[in-house]
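Enquirer: Here you go, upload-v6.txt (compact mmCIF, C-alpha atoms and all ligand atoms):
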# COMPACT_ATOMS: atom_id res chain seq x y z
CA MET W 16 155.74 -45.18 55.01
CA SER W 17 156.96 -43.92 58.44
CA HIS W 18 155.17 -41.23 60.40
CA SER W 19 157.31 -38.84 62.39
CA ALA W 20 154.89 -37.30 64.90
CA PRO W 21 156.74 -36.62 68.17
CA ALA W 22 156.03 -39.24 70.86
CA GLY W 23 153.05 -38.22 72.95
CA ALA W 24 151.84 -35.55 70.56
CA PRO W 25 148.58 -36.28 68.80
CA ALA W 26 149.21 -37.50 65.29
CA PRO W 27 148.40 -34.77 62.79
CA ALA W 28 145.25 -35.48 60.85
CA ALA W 29 146.09 -37.01 57.51
CA PRO W 30 145.47 -34.42 54.82
CA ALA W 31 142.18 -35.29 53.16
CA ALA W 32 142.81 -36.57 49.65
CA PRO W 33 141.15 -34.14 47.26
CA ALA W 34 137.94 -35.82 46.15
CA ALA W 35 138.09 -36.58 42.44
CA PRO W 36 135.38 -34.58 40.70
CA ALA W 37 132.30 -36.60 39.93
CA ALA W 38 131.87 -37.64 36.29
CA LEU W 39 128.54 -35.79 36.30
CA GLU W 40 126.85 -33.43 38.67
CA LEU W 41 123.46 -31.86 38.05
CA GLN W 42 122.28 -29.21 40.48
CA ALA W 43 118.70 -27.92 40.40
CA VAL W 44 118.47 -28.57 36.65
CA THR W 45 115.22 -27.57 35.01
CA LEU W 46 114.51 -27.89 31.28
CA GLU W 47 111.38 -26.37 29.79
CA TYR W 48 110.06 -26.79 26.28
CA PRO W 49 107.47 -24.47 24.78
CA ASP W 50 104.16 -26.35 24.74
CA GLY W 51 101.19 -24.68 23.11
CA GLY W 52 100.73 -21.40 24.97
CA GLY W 53 102.63 -22.63 28.03
CA THR W 54 105.70 -24.66 28.85
CA LEU W 55 106.36 -28.32 29.53
CA LYS W 56 108.90 -29.17 32.22
CA ALA W 57 110.91 -32.07 30.80
CA LEU W 58 113.27 -31.79 33.81
CA ASP W 59 112.05 -30.37 37.10
CA ASN W 60 114.72 -29.33 39.62
CA VAL W 61 116.90 -32.40 39.08
CA ASP W 62 119.87 -33.10 41.35
CA LEU W 63 122.19 -35.97 40.49
CA ARG W 64 125.79 -36.94 41.18
CA VAL W 65 127.48 -39.83 39.36
CA PRO W 66 130.96 -40.61 40.72
CA ARG W 67 133.62 -42.09 38.49
CA GLY W 68 133.66 -45.89 38.48
CA GLN W 69 129.91 -46.20 39.01
CA ILE W 70 127.01 -47.06 36.73
CA LEU W 71 123.55 -45.70 37.50
CA SER W 72 120.36 -47.09 36.00
CA LEU W 73 117.78 -44.47 35.10
CA VAL W 74 114.24 -45.82 34.86
CA GLY W 75 110.82 -44.30 34.37
CA PRO W 76 107.82 -44.23 32.06
CA SER W 77 107.99 -42.98 28.49
CA GLY W 78 107.95 -39.17 28.40
CA SER W 79 109.25 -38.80 31.97
CA GLY W 80 112.39 -36.94 30.87
CA LYS W 81 115.08 -39.65 30.76
CA SER W 82 116.41 -38.77 27.29
CA SER W 83 116.18 -35.07 28.17
CA LEU W 84 118.42 -35.71 31.18
CA LEU W 85 120.99 -37.43 28.96
CA ALA W 86 120.81 -34.62 26.37
CA VAL W 87 121.48 -32.01 29.07
CA ALA W 88 124.32 -34.09 30.55
CA ALA W 89 125.77 -34.51 27.04
CA THR W 90 125.69 -30.69 26.63
CA LEU W 91 123.48 -31.15 23.57
CA ILE W 92 120.75 -29.02 25.21
CA ALA W 93 121.33 -26.19 27.67
CA PRO W 94 119.03 -26.35 30.68
CA THR W 95 116.59 -23.52 31.37
CA SER W 96 118.18 -23.20 34.80
CA GLY W 97 120.55 -25.06 37.07
CA THR W 98 124.13 -26.25 36.82
CA VAL W 99 125.65 -29.12 34.80
CA THR W 100 129.19 -30.11 35.76
CA VAL W 101 131.08 -32.76 33.75
CA ALA W 102 134.30 -34.07 35.33
CA GLY W 103 134.65 -30.86 37.33
CA THR W 104 133.93 -28.47 34.44
CA ASP W 105 130.87 -26.26 34.75
CA VAL W 106 129.37 -26.61 31.30
CA GLY W 107 127.69 -23.21 31.64
CA ASP W 108 131.16 -21.61 31.61
CA LEU W 109 131.99 -23.05 28.18
CA ASN W 110 131.36 -21.46 24.80
CA ASP W 111 130.20 -23.47 21.77
CA ALA W 112 133.72 -24.57 20.90
CA GLY W 113 134.36 -25.66 24.48
CA ARG W 114 131.16 -27.68 24.58
CA THR W 115 131.99 -29.32 21.26
CA ALA W 116 135.45 -30.25 22.57
CA LEU W 117 133.91 -31.65 25.75
CA ARG W 118 131.44 -33.74 23.74
CA ARG W 119 134.21 -35.10 21.53
CA SER W 120 136.49 -36.25 24.30
CA GLY W 121 134.88 -35.86 27.73
CA VAL W 122 131.58 -37.57 27.04
CA GLY W 123 130.73 -40.86 25.34
CA ILE W 124 127.21 -41.29 24.02
CA VAL W 125 125.51 -44.58 23.13
CA PHE W 126 122.03 -44.47 21.69
CA GLN W 127 119.57 -47.30 21.18
CA GLN W 128 120.31 -47.46 17.46
CA PRO W 129 124.02 -47.78 16.75
CA ASN W 130 123.90 -45.48 13.66
CA LEU W 131 126.95 -47.14 12.15
CA LEU W 132 128.02 -46.13 8.65
CA ALA W 133 127.12 -48.95 6.27
CA SER W 134 130.28 -48.67 4.16
CA LEU W 135 132.81 -48.73 7.02
CA THR W 136 134.35 -51.68 8.84
CA ALA W 137 134.03 -51.91 12.61
CA ALA W 138 137.57 -50.59 13.04
CA GLU W 139 136.93 -47.70 10.64
CA GLN W 140 133.79 -46.66 12.59
CA LEU W 141 136.11 -46.02 15.55
CA VAL W 142 139.04 -44.48 13.69
CA ILE W 143 136.81 -41.95 11.93
CA THR W 144 135.85 -40.42 15.30
CA ASP W 145 139.51 -39.61 15.89
CA ARG W 146 139.64 -37.83 12.51
CA LEU W 147 136.85 -35.59 13.81
CA ARG W 148 139.10 -34.86 16.78
CA GLY W 149 141.87 -33.88 14.38
CA LYS W 150 143.81 -37.07 15.14
CA ALA W 151 144.58 -39.93 12.83
CA GLY W 152 147.26 -42.47 12.17
CA PRO W 153 148.61 -45.68 13.63
CA ALA W 154 147.85 -44.72 17.24
CA SER W 155 144.14 -44.36 16.39
CA GLU W 156 144.16 -47.68 14.58
CA ARG W 157 145.85 -49.43 17.49
CA ARG W 158 143.39 -47.96 19.98
CA ALA W 159 140.44 -48.96 17.78
CA LEU W 160 141.65 -52.56 17.68
CA GLU W 161 142.28 -52.59 21.45
CA LEU W 162 138.76 -51.31 22.14
CA LEU W 163 137.19 -53.79 19.73
CA GLU W 164 139.06 -56.57 21.53
CA LEU W 165 137.84 -55.24 24.89
CA VAL W 166 134.21 -55.40 23.74
CA GLY W 167 134.66 -58.93 22.42
CA LEU W 168 135.03 -58.15 18.72
CA ALA W 169 138.71 -58.95 18.14
CA HIS W 170 137.79 -61.04 15.10
CA GLU W 171 135.16 -58.66 13.71
CA ALA W 172 137.33 -55.56 13.19
CA GLY W 173 137.20 -55.92 9.39
CA LYS W 174 133.45 -56.56 9.15
CA ARG W 175 130.85 -54.06 7.98
CA PRO W 176 127.57 -53.49 9.86
CA HIS W 177 125.52 -55.89 7.69
CA GLN W 178 127.98 -58.69 8.59
CA LEU W 179 127.42 -58.16 12.33
CA SER W 180 124.55 -59.18 14.61
CA GLY W 181 122.49 -56.58 16.47
CA GLY W 182 124.42 -57.26 19.67
CA GLN W 183 127.75 -56.96 17.85
CA ARG W 184 126.68 -53.66 16.31
CA GLN W 185 125.81 -52.36 19.76
CA ARG W 186 129.29 -53.44 20.94
CA VAL W 187 130.87 -51.43 18.12
CA ASN W 188 128.71 -48.51 19.21
CA ILE W 189 130.02 -48.81 22.78
CA ALA W 190 133.64 -49.15 21.64
CA ARG W 191 133.20 -46.07 19.44
CA ALA W 192 131.90 -44.07 22.41
CA LEU W 193 135.10 -44.93 24.29
CA MET W 194 137.50 -43.72 21.56
CA GLY W 195 137.72 -40.21 23.01
CA SER W 196 138.62 -41.58 26.49
CA PRO W 197 135.55 -40.00 28.12
CA SER W 198 134.98 -39.69 31.84
CA LEU W 199 131.21 -39.73 31.40
CA LEU W 200 129.30 -42.38 29.44
CA LEU W 201 125.63 -41.74 28.61
CA VAL W 202 123.63 -44.68 27.33
CA ASP W 203 120.00 -44.49 26.17
CA GLU W 204 118.08 -47.79 26.11
CA PRO W 205 121.00 -49.82 24.75
CA THR W 206 119.11 -53.10 24.85
CA ALA W 207 115.78 -52.00 23.40
CA ALA W 208 116.38 -53.87 20.13
CA LEU W 209 118.01 -56.99 21.62
CA ASP W 210 116.85 -60.30 23.07
CA THR W 211 117.26 -61.03 26.78
CA GLN W 212 120.56 -62.88 26.56
CA ARG W 213 122.24 -60.30 24.35
CA SER W 214 120.79 -57.52 26.49
CA GLU W 215 122.33 -58.96 29.63
CA SER W 216 125.75 -59.24 28.03
CA ILE W 217 125.54 -55.61 26.84
CA VAL W 218 124.74 -54.44 30.39
CA GLN W 219 127.61 -56.58 31.71
CA LEU W 220 129.89 -54.95 29.14
CA LEU W 221 128.79 -51.47 30.26
CA VAL W 222 129.57 -52.42 33.87
CA LYS W 223 132.98 -53.73 32.80
CA VAL W 224 134.01 -50.60 30.88
CA THR W 225 132.70 -48.42 33.71
CA ARG W 226 135.09 -50.18 36.09
CA GLU W 227 137.99 -50.56 33.69
CA PHE W 228 138.10 -46.89 32.67
CA GLY W 229 136.73 -45.37 35.87
CA LEU W 230 133.79 -43.89 33.96
CA GLY W 231 130.68 -42.42 35.45
CA THR W 232 127.91 -44.12 33.47
CA VAL W 233 124.21 -43.31 33.24
CA MET W 234 122.17 -46.01 31.54
CA VAL W 235 118.54 -45.37 30.69
CA THR W 236 116.77 -48.70 30.62
CA HIS W 237 113.31 -50.20 30.58
CA ASP W 238 114.79 -53.66 31.25
CA THR W 239 114.53 -53.50 35.04
CA GLY W 240 115.74 -57.11 35.22
CA PHE W 241 119.30 -55.93 34.56
CA VAL W 242 119.23 -53.08 37.08
CA PRO W 243 120.75 -55.29 39.84
CA LEU W 244 123.93 -55.57 37.74
CA THR W 245 124.43 -51.80 38.17
CA ASP W 246 125.47 -49.78 41.24
CA ALA W 247 122.34 -47.72 41.83
CA VAL W 248 118.96 -46.95 40.35
CA ALA W 249 117.06 -43.67 40.15
CA GLY W 250 113.50 -43.26 38.91
CA MET W 251 112.02 -40.40 36.90
CA VAL W 252 108.40 -39.33 36.90
CA ASP W 253 107.17 -36.17 35.15
CA GLY W 254 110.67 -34.69 34.97
CA ARG W 255 111.40 -35.23 38.66
CA LEU W 256 114.23 -37.56 39.65
CA GLY W 257 114.12 -39.67 42.79
CA ALA W 258 117.20 -40.16 44.94
CA PRO W 259 119.47 -42.96 43.70
CA ALA W 260 118.76 -46.17 45.61
CA HIS W 261 120.27 -49.63 45.94
CA PRO W 262 119.60 -51.54 42.70
CA GLU W 263 117.93 -54.43 44.53
CA SER W 264 115.32 -52.01 45.87
CA LEU W 265 113.25 -52.04 42.66
P1 LIG C 301 111.74 -40.17 27.94
O1 LIG C 301 113.10 -40.32 27.37
O2 LIG C 301 111.67 -40.49 29.42
O3 LIG C 301 110.70 -40.92 27.18
P2 LIG C 301 111.91 -37.42 26.98
O4 LIG C 301 113.03 -36.80 27.69
O5 LIG C 301 112.12 -37.85 25.59
O6 LIG C 301 111.32 -38.63 27.87
O7 LIG C 301 110.69 -36.40 26.99
C1 LIG C 301 110.25 -35.73 28.17
C2 LIG C 301 109.12 -34.78 27.81
O8 LIG C 301 109.63 -33.72 27.01
C3 LIG C 301 108.02 -35.44 27.01
O9 LIG C 301 106.79 -34.87 27.40
C4 LIG C 301 108.37 -35.06 25.59
O10 LIG C 301 107.21 -35.03 24.79
C5 LIG C 301 108.95 -33.67 25.77
N1 LIG C 301 109.97 -33.35 24.74
C6 LIG C 301 111.09 -34.04 24.49
N2 LIG C 301 111.82 -33.46 23.52
C7 LIG C 301 111.13 -32.34 23.16
C8 LIG C 301 111.35 -31.29 22.20
N3 LIG C 301 112.45 -31.26 21.44
N4 LIG C 301 110.41 -30.31 22.11
C9 LIG C 301 109.32 -30.32 22.89
N5 LIG C 301 109.04 -31.27 23.81
C10 LIG C 301 109.93 -32.27 23.95
MG MG C 302 113.78 -41.56 25.81
How does the structure come out when it is put into structure tokens?

Expert:
Amino acid sequence: MSHSAPAGAPAPAAPAAPAAPAALELQAVTLEYPDGGGTLKALDNVDLRVPRGQILSLVGPSGSGKSSLLAVAATLIAPTSGTVTVAGTDVGDLNDAGRTALRRSGVGIVFQQPNLLASLTAAEQLVITDRLRGKAGPASERRALELLELVGLAHEAGKRPHQLSGGQRQRVNIARALMGSPSLLLVDEPTAALDTQRSESIVQLLVKVTREFGLGTVMVTHDTGFVPLTDAVAGMVDGRLGAPAHPESL
């Protein structure tokens, strides 16, 4: 491209490209649960920004608030105070229908247990999520097969959960979370039920889909050995989140 600044005049500053909104932004998020006569702070003034294309590991002891952070980011629980922004949308501005729509297509959620339906094939587990979005038909079926291929299950599309290994079921779970083309992927202890080798390949798969689809991914994990495969790590203690750090810093 040619620049046409007059000779001798200072070149005009290139217009700053508008920064793409982060997949997730939490600002001063606090979540309190009633606890006996008082309250328990599951999240205490949490700030977090997850840009698209990056995967963050979230680590911390049991009860420190990791799943609560994912539930707030998933818009499943409204925080007591603070702001949750998903792909540029302030979740606090949405009504119930808006939050439901955001969960169906803006956010992918992967829990430790795949919760697959026993009677459905791998492909059907994916297609059924499009029915919930009011979509169905050949385009859904094509996308389901493409996603199953992407997660390494091209030959398993017709199998039911009992015909799949634990690692394969978790791959179906991940593919299913991608059906709505989310910008934010929230993953809670995806390797808790898997051996080391399968765990590593699941984390590698999460890194791959994060890059391929430009997702912002938050992965809660107790397997700190896989943290170096991710872009950053942040630790939680008693509802407080530390600043994200280089993954080798653990
Ligand atoms: P983690 O995922 O790190 O183990 P959680 O987010 O599940 O932590 O829990 C954080 C704290 O909030 C814990 O003290 C837990 O007991 C409490 N908690 C979680 N969910 C609820 C709930 N629905 N009602 C009351 N307390 C809760
Ligand atoms: Mg948890």

Enquirer: With all atoms listed in the file as the basis for distance, which of W:Val248, W:Val235, W:Leu165, W:Val65 is at the shortest distance from Gly103 in chain W?

Expert: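 Smallest separation from Gly103 in chain W among the options: W:Val65.
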
Enquirer: Range 36-45 of chain W: which residues within 8 Å, counting all atoms listed in the file, same-chain residues fewer than 2 positions away excluded, as a list in words?

Expert: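 Residues meeting the cut-off are Ala34, Glu47, Lys56, Ala57, Leu58, Asp59, Asn60, Val61, Asp62, Leu63, Arg64, Val65, Pro66, Arg67, Ala88, Pro94, Thr95, Ser96, Gly97, Thr98, Val99, Thr100, Val101, Ala102, Gly103, Ser198, Leu199, Leu230 and Gly231 of chain W.
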
Enquirer: To check your reading of the model: which residues sit at most 9 Å from ligand MG 302 (chain C) when counting all atoms listed in the file? Write the answer as an NGL selection string.

Expert: :W and (77-83 or 85 or 203-204 or 235)

Enquirer: Around the point (137.7, -39.8, 23.8), in the coordinates given by the file, pick out the residues reaching within 7 Å, counting all atoms listed in the file, and return them as a PyMOL selection string.

Expert: chain W and resi 119-121+193-197

Enquirer: Hey, which of W:Pro262, W:Gly250, W:Gly123, W:Gly152 ends up closest to ligand LIG 301 (chain C)? Count all atoms listed in the file.

Expert: W:Gly250

Enquirer: Out of W:Ala133, W:Val142, W:Val166, W:Ala89, which residue has the shortest atom-to-atom distance to Glu227 in chain W when counting only C-alpha atoms?

Expert: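 For Glu227 in chain W, the nearest of the given residues is W:Val166.
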